[in-house]
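See below for data_31.cif, which holds mmCIF, C-alpha atoms.
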```
data_start
loop_
_atom_site.label_atom_id
_atom_site.label_comp_id
_atom_site.auth_asym_id
_atom_site.auth_seq_id
_atom_site.Cartn_x
_atom_site.Cartn_y
_atom_site.Cartn_z
CA MET A 1 -8.85 -9.77 -5.05
CA SER A 2 -5.97 -7.77 -3.59
CA LYS A 3 -2.44 -7.97 -4.99
CA ARG A 4 -1.14 -9.29 -1.67
CA TYR A 5 -3.65 -12.14 -1.76
CA ARG A 6 -2.79 -12.98 -5.36
CA LEU A 7 0.90 -12.89 -4.48
CA TRP A 8 0.41 -15.46 -1.72
CA ILE A 9 -1.63 -17.64 -4.10
CA LEU A 10 1.26 -17.48 -6.58
CA ILE A 11 3.77 -18.49 -3.89
CA ALA A 12 1.51 -21.37 -2.86
CA CYS A 13 1.34 -22.51 -6.50
CA VAL A 14 5.14 -22.39 -6.73
CA ALA A 15 5.39 -24.49 -3.57
CA ALA A 16 2.94 -27.03 -5.04
CA VAL A 17 4.91 -27.24 -8.29
CA TYR A 18 8.16 -27.84 -6.44
CA ALA A 19 6.57 -30.46 -4.21
CA ALA A 20 5.33 -32.25 -7.33
CA ILE A 21 8.75 -32.02 -8.98
CA TYR A 22 10.42 -33.41 -5.86
CA VAL A 23 8.03 -36.37 -5.79
CA ALA A 24 8.31 -36.95 -9.54
CA ALA A 25 12.10 -37.00 -9.20
CA GLY A 26 11.88 -39.75 -6.59
CA GLY A 27 12.95 -37.45 -3.79
CA LEU A 28 16.15 -36.78 -5.80
CA ASP A 29 17.28 -40.31 -4.90
CA PHE A 30 18.18 -42.10 -8.13
CA ASP A 31 21.31 -43.45 -9.78
CA ALA A 32 23.78 -41.02 -11.34
CA ARG A 33 22.95 -40.19 -14.94
CA LYS A 34 24.92 -38.80 -17.88
CA ASP A 35 27.31 -36.04 -16.71
CA GLU A 36 26.54 -36.85 -13.08
CA VAL A 37 28.58 -40.03 -13.54
CA HIS A 38 31.78 -37.98 -13.59
CA PHE A 39 30.55 -34.78 -11.89
CA TRP A 40 29.89 -36.58 -8.62
CA PRO A 41 33.39 -38.16 -8.27
CA THR A 42 34.86 -34.73 -9.03
CA SER A 43 32.68 -33.23 -6.29
CA LEU A 44 33.91 -35.88 -3.88
CA GLN A 45 37.48 -34.87 -4.65
CA PHE A 46 36.65 -31.37 -3.46
CA SER A 47 34.96 -32.73 -0.32
CA GLN A 48 38.31 -33.77 1.11
CA ARG A 49 39.02 -30.29 2.51
CA TRP A 50 37.07 -27.11 3.13
CA VAL A 51 39.36 -24.89 1.03
CA PRO A 52 40.63 -26.48 -2.18
CA SER A 53 44.34 -26.40 -2.89
CA ILE A 54 45.90 -24.87 -5.99
CA GLU A 55 46.73 -28.39 -7.14
CA GLN A 56 43.07 -29.39 -6.88
CA LEU A 57 41.88 -26.28 -8.73
CA ARG A 58 44.33 -26.94 -11.52
CA GLY A 59 44.32 -30.73 -11.69
CA TYR A 60 40.66 -31.87 -11.78
CA ASP A 61 39.40 -33.50 -14.97
CA GLU A 62 36.42 -31.34 -16.02
CA LEU A 63 35.99 -28.62 -18.63
CA ASN A 64 33.81 -26.72 -16.16
CA ALA A 65 35.11 -24.05 -13.77
CA PRO A 66 35.35 -25.47 -10.21
CA LEU A 67 32.94 -23.55 -7.98
CA PRO A 68 29.95 -25.96 -8.36
CA PHE A 69 32.16 -28.92 -7.48
CA VAL A 70 33.54 -27.02 -4.48
CA VAL A 71 29.96 -26.27 -3.34
CA PHE A 72 28.75 -29.84 -3.88
CA GLY A 73 31.84 -31.18 -2.13
CA GLY A 74 31.45 -28.77 0.78
CA VAL A 75 27.80 -29.74 1.25
CA GLU A 76 28.77 -33.41 1.21
CA ARG A 77 31.54 -32.77 3.74
CA ALA A 78 29.14 -30.87 6.01
CA PHE A 79 25.99 -32.98 5.79
CA GLY A 80 26.70 -36.19 3.92
CA GLY A 81 23.75 -37.65 2.07
CA GLY A 82 25.55 -38.42 -1.16
CA ILE A 83 24.57 -37.15 -4.58
CA ARG A 84 21.00 -36.54 -3.41
CA THR A 85 22.16 -33.65 -1.22
CA GLY A 86 24.07 -32.10 -4.12
CA ARG A 87 20.96 -32.28 -6.28
CA ALA A 88 19.03 -30.56 -3.51
CA VAL A 89 21.44 -27.62 -3.80
CA ASN A 90 20.41 -27.19 -7.43
CA LEU A 91 16.72 -27.54 -6.62
CA VAL A 92 17.01 -24.80 -4.00
CA ALA A 93 18.99 -22.65 -6.43
CA SER A 94 16.21 -22.96 -9.01
CA LEU A 95 13.64 -22.06 -6.37
CA LEU A 96 15.61 -18.92 -5.49
CA ILE A 97 15.53 -17.88 -9.15
CA VAL A 98 11.76 -18.37 -9.28
CA LEU A 99 11.18 -16.49 -6.03
CA GLY A 100 13.50 -13.76 -7.25
CA CYS A 101 11.22 -13.22 -10.25
CA VAL A 102 8.22 -13.15 -7.92
CA LEU A 103 9.93 -10.57 -5.72
CA ALA A 104 10.94 -8.47 -8.74
CA ALA A 105 7.28 -8.23 -9.84
CA ARG A 106 5.59 -8.35 -6.45
CA ASP A 107 3.55 -5.29 -7.43
CA ALA A 108 2.15 -7.25 -10.41
CA PRO A 109 1.53 -10.91 -9.46
CA SER A 110 0.12 -11.87 -12.85
CA ARG A 111 3.25 -10.57 -14.57
CA ALA A 112 5.39 -12.55 -12.15
CA ALA A 113 3.28 -15.66 -12.78
CA ARG A 114 3.72 -15.39 -16.53
CA ALA A 115 7.47 -14.86 -16.26
CA ILE A 116 8.08 -17.83 -13.98
CA ALA A 117 5.70 -20.06 -15.96
CA ALA A 118 7.70 -19.33 -19.12
CA LEU A 119 10.95 -20.05 -17.29
CA MET A 120 9.62 -23.32 -15.89
CA ILE A 121 8.50 -24.63 -19.27
CA PHE A 122 12.05 -24.40 -20.56
CA PRO A 123 12.77 -28.15 -20.66
CA TYR A 124 16.21 -27.88 -19.10
CA PHE A 125 15.10 -25.77 -16.13
CA PHE A 126 13.84 -28.60 -13.95
CA ALA A 127 16.20 -31.08 -15.58
CA CYS A 128 19.14 -29.04 -14.27
CA ALA A 129 17.33 -28.41 -10.98
CA THR A 130 16.98 -32.11 -10.18
CA HIS A 131 20.40 -33.33 -11.31
CA LEU A 132 23.96 -32.68 -10.19
CA TYR A 133 24.72 -30.37 -13.09
CA THR A 134 26.69 -27.13 -12.91
CA ASP A 135 24.30 -24.91 -14.86
CA MET A 136 21.83 -23.99 -12.13
CA LEU A 137 24.38 -22.49 -9.73
CA ALA A 138 25.83 -20.48 -12.61
CA ALA A 139 22.32 -19.32 -13.57
CA LEU A 140 21.56 -18.28 -9.98
CA LEU A 141 24.76 -16.23 -9.73
CA VAL A 142 24.06 -14.56 -13.08
CA PHE A 143 20.52 -13.89 -11.89
CA GLY A 144 21.92 -12.24 -8.75
CA GLY A 145 24.42 -10.24 -10.79
CA ILE A 146 21.73 -8.90 -13.11
CA ALA A 147 19.44 -8.06 -10.18
CA ALA A 148 22.25 -6.18 -8.41
CA TYR A 149 23.16 -4.37 -11.62
CA ARG A 150 19.60 -3.15 -12.11
CA LYS A 151 19.58 -1.91 -8.54
CA GLY A 152 22.79 0.04 -9.19
CA TRP A 153 24.87 -2.08 -6.82
CA GLY A 154 27.98 -2.32 -8.97
CA ALA A 155 30.31 -3.98 -6.47
CA LEU A 156 27.78 -6.64 -5.51
CA SER A 157 27.01 -7.27 -9.18
CA ALA A 158 30.71 -7.74 -9.92
CA ILE A 159 31.10 -10.22 -7.05
CA ALA A 160 28.16 -12.25 -8.32
CA PHE A 161 29.60 -12.32 -11.84
CA VAL A 162 33.06 -13.31 -10.57
CA LEU A 163 31.44 -16.27 -8.82
CA ALA A 164 29.36 -17.05 -11.91
CA ILE A 165 32.51 -17.18 -14.05
CA ALA A 166 34.05 -19.44 -11.41
CA SER A 167 31.04 -21.71 -12.01
CA ARG A 168 31.05 -21.69 -15.82
CA GLN A 169 33.55 -19.79 -17.93
CA TYR A 170 30.88 -18.79 -20.46
CA MET A 171 29.26 -16.54 -17.87
CA VAL A 172 31.84 -13.89 -18.75
CA ALA A 173 29.38 -12.91 -21.49
CA PHE A 174 27.14 -11.18 -18.94
CA PRO A 175 29.55 -8.67 -17.39
CA ALA A 176 31.10 -8.17 -20.84
CA ALA A 177 27.68 -7.27 -22.24
CA ILE A 178 26.97 -4.89 -19.38
CA ALA A 179 30.36 -3.18 -19.73
CA ALA A 180 29.89 -2.71 -23.48
CA TYR A 181 26.32 -1.50 -23.09
CA GLU A 182 27.12 1.03 -20.37
CA LEU A 183 30.16 2.41 -22.20
CA ILE A 184 28.29 2.75 -25.49
CA GLN A 185 25.35 4.46 -23.81
CA PHE A 186 27.70 6.76 -21.93
CA LEU A 187 29.48 7.79 -25.13
CA ARG A 188 26.19 8.32 -26.97
CA GLN A 189 24.80 10.46 -24.16
CA ARG A 190 28.00 12.42 -23.93
CA ARG A 191 28.00 13.09 -27.67
CA ARG A 192 24.38 14.26 -27.59
CA GLY A 193 24.96 16.47 -24.58
CA PRO A 194 23.27 16.64 -21.17
CA SER A 195 20.14 18.24 -22.60
CA ALA A 196 19.42 15.26 -24.83
CA GLY A 197 18.46 13.03 -21.93
CA ALA A 198 18.66 9.26 -22.02
CA VAL A 199 19.29 7.51 -25.31
CA GLU A 200 16.42 5.11 -24.60
CA PRO A 201 13.24 5.87 -22.68
CA ALA A 202 13.79 5.82 -18.93
CA ARG A 203 13.28 2.38 -17.46
CA LEU A 204 13.60 0.87 -14.04
CA GLY A 205 17.23 0.43 -13.06
CA GLU A 206 18.73 2.43 -15.94
CA ALA A 207 22.05 3.96 -14.99
CA THR A 208 22.70 7.68 -15.34
CA ALA A 209 25.46 9.40 -17.27
CA LYS A 210 27.46 9.66 -14.02
CA THR A 211 27.07 6.04 -12.97
CA ARG A 212 27.51 4.33 -16.34
CA PRO A 213 31.36 4.41 -16.32
CA VAL A 214 31.35 3.05 -12.76
CA MET A 215 29.06 0.17 -13.66
CA ALA A 216 31.19 -0.56 -16.71
CA ALA A 217 34.35 -0.59 -14.60
CA TYR A 218 32.88 -3.05 -12.10
CA SER A 219 31.76 -5.31 -14.95
CA LEU A 220 35.20 -5.20 -16.58
CA LEU A 221 36.76 -6.21 -13.26
CA ALA A 222 34.44 -9.21 -13.19
CA CYS A 223 35.48 -10.11 -16.75
CA ALA A 224 39.13 -9.93 -15.71
CA SER A 225 38.59 -12.80 -13.26
CA LEU A 226 38.50 -15.17 -16.25
CA GLY A 227 42.10 -14.17 -16.87
CA LEU A 228 43.06 -15.53 -13.46
CA TRP A 229 41.60 -18.93 -14.34
CA TYR A 230 43.37 -18.82 -17.69
CA ALA A 231 46.67 -18.11 -15.92
CA LEU A 232 46.08 -20.97 -13.47
CA TRP A 233 45.17 -23.52 -16.14
CA GLY A 234 47.30 -22.25 -18.99
CA GLY A 235 44.16 -22.31 -21.14
CA LEU A 236 40.40 -21.97 -21.01
CA ALA A 237 39.92 -25.18 -19.00
CA PRO A 238 42.00 -27.43 -16.73
CA PRO A 239 44.80 -29.13 -18.71
CA ALA A 240 43.73 -32.64 -17.64
CA ALA A 241 40.27 -32.09 -19.12
CA LEU A 242 41.58 -30.65 -22.37
CA ALA A 243 43.92 -33.62 -22.69
CA HIS A 244 41.18 -36.22 -22.30
CA GLN A 245 38.12 -34.61 -23.88
CA PRO A 246 37.77 -33.54 -27.53
CA VAL A 247 37.26 -29.78 -27.71
CA GLU A 248 36.91 -28.38 -31.21
CA THR A 249 37.40 -24.79 -30.01
CA ALA A 250 40.47 -25.32 -27.82
CA GLY A 251 42.54 -23.14 -30.12
CA VAL A 252 42.33 -19.42 -29.43
CA LEU A 253 41.18 -18.59 -32.96
CA ARG A 254 39.02 -21.67 -33.46
CA LEU A 255 35.34 -20.70 -33.70
CA LEU A 256 32.10 -22.56 -34.51
CA PRO A 257 29.72 -19.91 -35.96
CA HIS A 258 26.87 -22.40 -36.34
CA ASN A 259 26.71 -22.64 -32.52
CA ALA A 260 25.74 -18.96 -32.37
CA LEU A 261 23.00 -19.46 -34.97
CA TYR A 262 21.52 -22.40 -33.10
CA PHE A 263 21.70 -20.40 -29.86
CA LEU A 264 19.69 -17.59 -31.46
CA ALA A 265 17.14 -20.17 -32.62
CA CYS A 266 16.85 -21.35 -29.00
CA VAL A 267 16.30 -17.77 -27.84
CA GLY A 268 13.55 -17.42 -30.44
CA ALA A 269 11.89 -20.66 -29.38
CA TYR A 270 12.25 -20.45 -25.62
CA TYR A 271 11.95 -16.70 -25.02
CA VAL A 272 10.53 -14.70 -27.94
CA ILE A 273 7.58 -16.99 -28.69
CA PRO A 274 6.53 -17.45 -25.01
CA GLU A 275 6.97 -13.72 -24.35
CA THR A 276 4.84 -12.83 -27.37
CA LEU A 277 2.09 -15.22 -26.32
CA LEU A 278 2.12 -14.38 -22.62
CA PHE A 279 2.66 -10.61 -22.95
CA TRP A 280 0.80 -10.00 -26.19
CA ARG A 281 -0.94 -6.84 -25.01
CA GLN A 282 2.43 -5.21 -24.35
CA ARG A 283 4.32 -6.73 -27.28
CA ARG A 284 1.85 -5.94 -30.08
CA GLY A 285 2.47 -2.22 -29.72
CA GLN A 286 6.19 -2.80 -30.22
CA LEU A 287 5.86 -4.89 -33.39
CA VAL A 288 6.77 -2.15 -35.86
CA PHE A 289 8.39 -2.91 -39.21
CA ARG A 290 11.65 -1.09 -39.92
CA PRO A 291 13.44 -1.28 -43.29
CA ALA A 292 16.73 -2.07 -41.53
CA LEU A 293 15.24 -5.41 -40.50
CA LEU A 294 15.40 -6.50 -44.14
CA ILE A 295 19.17 -6.15 -43.97
CA VAL A 296 19.21 -8.17 -40.76
CA ALA A 297 17.10 -10.90 -42.38
CA ALA A 298 19.36 -11.04 -45.44
CA ALA A 299 22.57 -11.11 -43.39
CA LEU A 300 21.20 -13.84 -41.14
CA ALA A 301 20.16 -15.89 -44.18
CA GLY A 302 23.68 -15.60 -45.54
CA LEU A 303 25.12 -16.86 -42.26
CA PHE A 304 22.76 -19.84 -42.28
CA VAL A 305 23.90 -20.69 -45.80
CA LEU A 306 27.57 -20.46 -44.85
CA PHE A 307 27.35 -22.04 -41.38
CA PRO A 308 24.20 -24.20 -41.14
CA PRO A 309 23.72 -25.65 -37.62
CA LEU A 310 23.24 -29.20 -38.83
CA ARG A 311 24.77 -31.15 -35.94
CA ASN A 312 27.46 -31.19 -33.29
CA PRO A 313 31.06 -32.03 -34.26
CA PRO A 314 31.66 -35.76 -34.89
CA SER A 315 34.32 -35.80 -32.17
CA TYR A 316 31.65 -35.11 -29.51
CA GLY A 317 29.74 -38.31 -30.21
CA ILE A 318 26.20 -36.86 -29.90
CA ALA A 319 25.01 -35.31 -33.15
CA THR A 320 21.78 -33.72 -31.90
CA MET A 321 21.98 -30.37 -30.16
CA GLY A 322 19.12 -30.57 -27.67
CA TYR A 323 15.35 -30.94 -27.43
CA LEU A 324 14.64 -28.25 -30.02
CA ASP A 325 16.89 -29.97 -32.54
CA LYS A 326 15.40 -33.39 -31.72
CA ALA A 327 11.88 -32.05 -32.28
CA PHE A 328 12.81 -30.70 -35.71
CA CYS A 329 14.70 -33.87 -36.60
CA ALA A 330 11.61 -35.94 -35.80
CA ALA A 331 9.33 -33.72 -37.86
CA ALA A 332 11.37 -32.76 -40.93
CA GLY A 333 14.53 -33.20 -42.96
CA ASP A 334 17.63 -31.02 -42.81
CA GLY A 335 16.33 -28.44 -45.29
CA VAL A 336 13.11 -27.73 -43.42
CA ARG A 337 14.99 -27.89 -40.13
CA MET A 338 17.38 -25.13 -41.25
CA VAL A 339 14.45 -22.99 -42.43
CA GLY A 340 12.81 -23.48 -39.02
CA PHE A 341 15.99 -22.57 -37.16
CA TYR A 342 16.40 -19.52 -39.40
CA ALA A 343 12.85 -18.37 -38.66
CA LEU A 344 13.39 -18.74 -34.92
CA ALA A 345 16.76 -16.97 -35.04
CA LEU A 346 15.19 -14.16 -37.08
CA LEU A 347 12.49 -13.77 -34.43
CA ALA A 348 15.24 -13.32 -31.84
CA CYS A 349 17.08 -10.79 -34.00
CA VAL A 350 13.91 -8.79 -34.62
CA ARG A 351 12.87 -8.90 -30.95
CA PHE A 352 16.25 -7.64 -29.76
CA SER A 353 17.01 -5.28 -32.63
CA ARG A 354 16.69 -2.20 -30.45
CA PHE A 355 19.83 -1.49 -28.44
CA ARG A 356 18.98 -2.18 -24.82
CA ILE A 357 20.65 -4.20 -22.12
CA GLU A 358 18.61 -7.28 -23.07
CA SER A 359 19.92 -7.00 -26.64
CA ALA A 360 23.50 -6.70 -25.40
CA LEU A 361 23.08 -9.82 -23.26
CA VAL A 362 21.68 -11.86 -26.16
CA LEU A 363 24.39 -10.68 -28.57
CA ALA A 364 27.23 -11.35 -26.14
CA ASN A 365 25.98 -14.83 -25.28
CA ALA A 366 25.43 -15.75 -28.92
CA ALA A 367 28.89 -14.53 -29.87
CA LEU A 368 30.52 -16.45 -27.03
CA MET A 369 28.75 -19.64 -28.09
CA MET A 370 31.10 -19.71 -31.06
CA LYS A 371 33.78 -20.76 -28.54
CA ALA A 372 31.58 -23.52 -27.08
CA HIS A 373 32.71 -26.98 -28.15
CA ILE A 374 29.09 -28.00 -28.88
CA ALA A 375 25.66 -26.42 -29.37
CA TRP A 376 23.07 -27.26 -26.72
CA ASP A 377 19.74 -25.75 -25.67
CA LYS A 378 20.86 -26.04 -22.04
CA TYR A 379 23.44 -23.31 -22.53
CA ALA A 380 20.60 -20.78 -22.84
CA LEU A 381 19.47 -21.33 -19.23
CA PRO A 382 21.42 -18.45 -17.57
CA LEU A 383 20.37 -16.03 -20.31
CA LEU A 384 16.72 -17.06 -20.02
CA ALA A 385 16.85 -16.56 -16.24
CA ALA A 386 18.27 -13.06 -16.81
CA LEU A 387 15.76 -12.16 -19.52
CA TRP A 388 12.73 -13.31 -17.52
CA LEU A 389 14.03 -11.38 -14.50
CA LEU A 390 14.29 -8.23 -16.62
CA ARG A 391 10.81 -8.87 -18.02
CA ALA A 392 9.46 -9.29 -14.47
CA MET A 393 11.17 -6.08 -13.36
CA ASN A 394 10.34 -3.98 -16.42
CA GLY A 395 6.83 -5.03 -17.38
CA PRO A 396 4.98 -2.16 -19.08
CA THR A 397 2.44 -0.42 -16.90
CA SER A 398 -1.15 -0.69 -18.02
CA ALA A 399 -3.58 2.20 -18.24
CA ASP A 400 -4.78 1.72 -14.73
CA GLY A 401 -1.26 1.72 -13.36
CA SER A 402 -1.41 -1.87 -12.20
CA GLY A 403 1.59 -3.05 -14.19
CA GLU A 404 -0.35 -6.19 -15.09
#
```

Would you encode the structure as structure tokens?
Amino acid sequence: MSKRYRLWILIACVAAVYAAIYVAAGGLDFDARKDEVHFWPTSLQFSQRWVPSIEQLRGYDELNAPLPFVVFGGVERAFGGGIRTGRAVNLVASLLIVLGCVLAARDAPSRAARAIAALMIFPYFFACATHLYTDMLAALLVFGGIAAYRKGWGALSAIAFVLAIASRQYMVAFPAAIAAYELIQFLRQRRRGPSAGAVEPARLGEATAKTRPVMAAYSLLACASLGLWYALWGGLAPPAALAHQPVETAGVLRLLPHNALYFLACVGAYYVIPETLLFWRQRRGQLVFRPALLIVAAALAGLFVLFPPLRNPPSYGIATMGYLDKAFCAAAGDGVRMVGFYALALLACVRFSRFRIESALVLANAALMMKAHIAWDKYALPLLAALWLLRAMNGPTSADGSGE
């Protein structure tokens, strides 16, 4: 069976899955749920005019950056249809992410199929795709920024990340990770000299010694866009939202380290385990013990003792941190649950212990989660979209050159 034929079969399967999801979600026509209850009225506020005013951008009552509400409001202004149309925007955004992975691995349909299957089984992927949440648009823009970065399109990557930050402030982790990675690699290559070659083995999309500073500069410009929002709001979120919603990390120096540990556990559960199972032939050759990993394991254990991710802050009102936490709570007590989270977080640390762009992305996102007011599996969605894209783009080539 030719690759082109298998690719069209994969696309047909994707279409069938999305048709089934659309039907299962009642054609996206159901009453507002959870955050939709306040997200939709906010979107309607932004539907009053095509270009939001400064007062609107500063005065709305959400912790989230405004771009998703502007998009939902603009779609409502243009087409009507109510909240169902806004949900359709997210469903299309999720489809673009899936098709982007297919396109990235079009030379290896089976690799593409495994990557998108793993992404789809993340429980919040279709949950965010069928509801009026802000995560999917942010994930799509991050996905586009990572794709442009790997193609060497620095300006386009920066634009995508600026828009991603305008969708969710936490997305600043991605351009920050890229800037740090490119600068560190540039300095290491410069120290070793031009004859030393790349620090890591050459991989698709790797920048050169000449382009690394440029890519870093574009990424830093994208990071700087968060400063504009900070200047507009006088803080990390609109003042009305900070006044009405409890945010444990509102203070500049206030951090919640246990959020980072739970985030790493989510990466272990939702990326490392599926990747190992689905790409075992490629991964088994990379599973090499290194003595330094003992230090990582000990340090991580110390962090779990000091900052155990037991539950969300009491001020939030929902103690559990997502489906992963609920599964452990149903199966075991707090002690076993912490051991399980530690094991998953250790898997993530071991998997990303080598310094590559994927490692930088995981580290930056985990660190930034310390500023999140709660821990939640859903916050891993943009990172998972980026990691599965990179896996689709960079799948190891088999002996026959098929890349399968």

Please identify every residue of region 157-252 of chain A that has at least one atom no farther than 6 Å from an atom of region 54-73 of chain A, counting only C-alpha atoms, and for each give the shortest atom pair and the distance in Å to one decimal, arranged by chain then increasing number, as JSON lines.
```
{"residue": "A:Ala166", "atom": "CA", "partner": "A:Ala65", "partner_atom": "CA", "distance": 5.3}
{"residue": "A:Ser167", "atom": "CA", "partner": "A:Leu67", "partner_atom": "CA", "distance": 4.8}
{"residue": "A:Arg168", "atom": "CA", "partner": "A:Ala65", "partner_atom": "CA", "distance": 5.1}
{"residue": "A:Trp233", "atom": "CA", "partner": "A:Arg58", "partner_atom": "CA", "distance": 5.8}
{"residue": "A:Ala237", "atom": "CA", "partner": "A:Leu63", "partner_atom": "CA", "distance": 5.2}
{"residue": "A:Pro238", "atom": "CA", "partner": "A:Arg58", "partner_atom": "CA", "distance": 5.7}
{"residue": "A:Ala240", "atom": "CA", "partner": "A:Asp61", "partner_atom": "CA", "distance": 5.2}
{"residue": "A:Ala241", "atom": "CA", "partner": "A:Asp61", "partner_atom": "CA", "distance": 4.5}
```

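Using the PyMOL selection byres ((chain A and resi 316) around 9) on the file at hand returns these residues: A:Gln245, A:Pro246, A:Val247, A:Glu248, A:Asn312, A:Pro313, A:Pro314, A:Ser315, A:Gly317, A:Ile318, A:Ala319, A:His373, A:Ile374.
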
C-alpha atoms of the current selection, written as an mmCIF file, in the coordinates of the input:
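Done, and the output landed in result-v1.cif:
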```
data_model
loop_
_atom_site.group_PDB
_atom_site.id
_atom_site.type_symbol
_atom_site.label_atom_id
_atom_site.label_comp_id
_atom_site.auth_asym_id
_atom_site.auth_seq_id
_atom_site.Cartn_x
_atom_site.Cartn_y
_atom_site.Cartn_z
ATOM 1 C CA GLN A 245 38.120 -34.610 -23.880
ATOM 2 C CA PRO A 246 37.770 -33.540 -27.530
ATOM 3 C CA VAL A 247 37.260 -29.780 -27.710
ATOM 4 C CA GLU A 248 36.910 -28.380 -31.210
ATOM 5 C CA ASN A 312 27.460 -31.190 -33.290
ATOM 6 C CA PRO A 313 31.060 -32.030 -34.260
ATOM 7 C CA PRO A 314 31.660 -35.760 -34.890
ATOM 8 C CA SER A 315 34.320 -35.800 -32.170
ATOM 9 C CA GLY A 317 29.740 -38.310 -30.210
ATOM 10 C CA ILE A 318 26.200 -36.860 -29.900
ATOM 11 C CA ALA A 319 25.010 -35.310 -33.150
ATOM 12 C CA HIS A 373 32.710 -26.980 -28.150
ATOM 13 C CA ILE A 374 29.090 -28.000 -28.880
#
```

With the PyMOL selection byres ((chain A and resi 169) around 12) as the selection, what would be picked from this file? Answer as number ranges by chain, please. A: 63-68, 134-135, 138, 142, 161-168, 170-175, 222-230, 235-238, 365, 368-369, 371-372, 379

Selection from above, C-alpha atoms, as a PDB file, in the coordinates of the input, can you write it?
```
ATOM      1  CA  LEU A  63      35.990 -28.620 -18.630  1.00  0.00           C
ATOM      2  CA  ASN A  64      33.810 -26.720 -16.160  1.00  0.00           C
ATOM      3  CA  ALA A  65      35.110 -24.050 -13.770  1.00  0.00           C
ATOM      4  CA  PRO A  66      35.350 -25.470 -10.210  1.00  0.00           C
ATOM      5  CA  LEU A  67      32.940 -23.550  -7.980  1.00  0.00           C
ATOM      6  CA  PRO A  68      29.950 -25.960  -8.360  1.00  0.00           C
ATOM      7  CA  THR A 134      26.690 -27.130 -12.910  1.00  0.00           C
ATOM      8  CA  ASP A 135      24.300 -24.910 -14.860  1.00  0.00           C
ATOM      9  CA  ALA A 138      25.830 -20.480 -12.610  1.00  0.00           C
ATOM     10  CA  VAL A 142      24.060 -14.560 -13.080  1.00  0.00           C
ATOM     11  CA  PHE A 161      29.600 -12.320 -11.840  1.00  0.00           C
ATOM     12  CA  VAL A 162      33.060 -13.310 -10.570  1.00  0.00           C
ATOM     13  CA  LEU A 163      31.440 -16.270  -8.820  1.00  0.00           C
ATOM     14  CA  ALA A 164      29.360 -17.050 -11.910  1.00  0.00           C
ATOM     15  CA  ILE A 165      32.510 -17.180 -14.050  1.00  0.00           C
ATOM     16  CA  ALA A 166      34.050 -19.440 -11.410  1.00  0.00           C
ATOM     17  CA  SER A 167      31.040 -21.710 -12.010  1.00  0.00           C
ATOM     18  CA  ARG A 168      31.050 -21.690 -15.820  1.00  0.00           C
ATOM     19  CA  TYR A 170      30.880 -18.790 -20.460  1.00  0.00           C
ATOM     20  CA  MET A 171      29.260 -16.540 -17.870  1.00  0.00           C
ATOM     21  CA  VAL A 172      31.840 -13.890 -18.750  1.00  0.00           C
ATOM     22  CA  ALA A 173      29.380 -12.910 -21.490  1.00  0.00           C
ATOM     23  CA  PHE A 174      27.140 -11.180 -18.940  1.00  0.00           C
ATOM     24  CA  PRO A 175      29.550  -8.670 -17.390  1.00  0.00           C
ATOM     25  CA  ALA A 222      34.440  -9.210 -13.190  1.00  0.00           C
ATOM     26  CA  CYS A 223      35.480 -10.110 -16.750  1.00  0.00           C
ATOM     27  CA  ALA A 224      39.130  -9.930 -15.710  1.00  0.00           C
ATOM     28  CA  SER A 225      38.590 -12.800 -13.260  1.00  0.00           C
ATOM     29  CA  LEU A 226      38.500 -15.170 -16.250  1.00  0.00           C
ATOM     30  CA  GLY A 227      42.100 -14.170 -16.870  1.00  0.00           C
ATOM     31  CA  LEU A 228      43.060 -15.530 -13.460  1.00  0.00           C
ATOM     32  CA  TRP A 229      41.600 -18.930 -14.340  1.00  0.00           C
ATOM     33  CA  TYR A 230      43.370 -18.820 -17.690  1.00  0.00           C
ATOM     34  CA  GLY A 235      44.160 -22.310 -21.140  1.00  0.00           C
ATOM     35  CA  LEU A 236      40.400 -21.970 -21.010  1.00  0.00           C
ATOM     36  CA  ALA A 237      39.920 -25.180 -19.000  1.00  0.00           C
ATOM     37  CA  PRO A 238      42.000 -27.430 -16.730  1.00  0.00           C
ATOM     38  CA  ASN A 365      25.980 -14.830 -25.280  1.00  0.00           C
ATOM     39  CA  LEU A 368      30.520 -16.450 -27.030  1.00  0.00           C
ATOM     40  CA  MET A 369      28.750 -19.640 -28.090  1.00  0.00           C
ATOM     41  CA  LYS A 371      33.780 -20.760 -28.540  1.00  0.00           C
ATOM     42  CA  ALA A 372      31.580 -23.520 -27.080  1.00  0.00           C
ATOM     43  CA  TYR A 379      23.440 -23.310 -22.530  1.00  0.00           C
TER      44      TYR A 379
END
```

Between A:Phe304, A:Trp8, A:Tyr22, A:Phe355, which is the closest to Gln185 (chain A) once you count all atoms listed in the file?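 Closest residue, counting all atoms listed in the file: A:Phe355.
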
Pick from A:Tyr181, A:Trp376, A:Tyr262, A:Phe307, whichever lies nearest to Glu358 (chain A) using all atoms listed in the file: A:Tyr181

With a distance cut-off of 12 Å and only C-alpha atoms, select the neighbouring residues of Cys266 (chain A), excluding the residue or stretch itself and same-chain residues fewer than 3 positions from it, and output the selection as a ChimeraX atom specification. /A:122-124,259-263,269-274,309,321-325,340-349,362,365-366,375-381,383-384

Interatomic distance between CA of Ala176 (chain A) and CA of Met136 (chain A)? 20.3 Å

Please expand the PyMOL selection byres ((chain A and resi 184) around 12) into the concrete residues it hits in this file, giving the result as a list in words.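 Against this file, the PyMOL selection byres ((chain A and resi 184) around 12) returns the residues Ala177, Ile178, Ala179, Ala180, Tyr181, Glu182, Leu183, Gln185, Phe186, Leu187, Arg188, Gln189, Arg190, Arg191, Val199, Ala209, Arg212, Pro213, Ala216, Phe355, Arg356, Ile357 and Ala360 of chain A.
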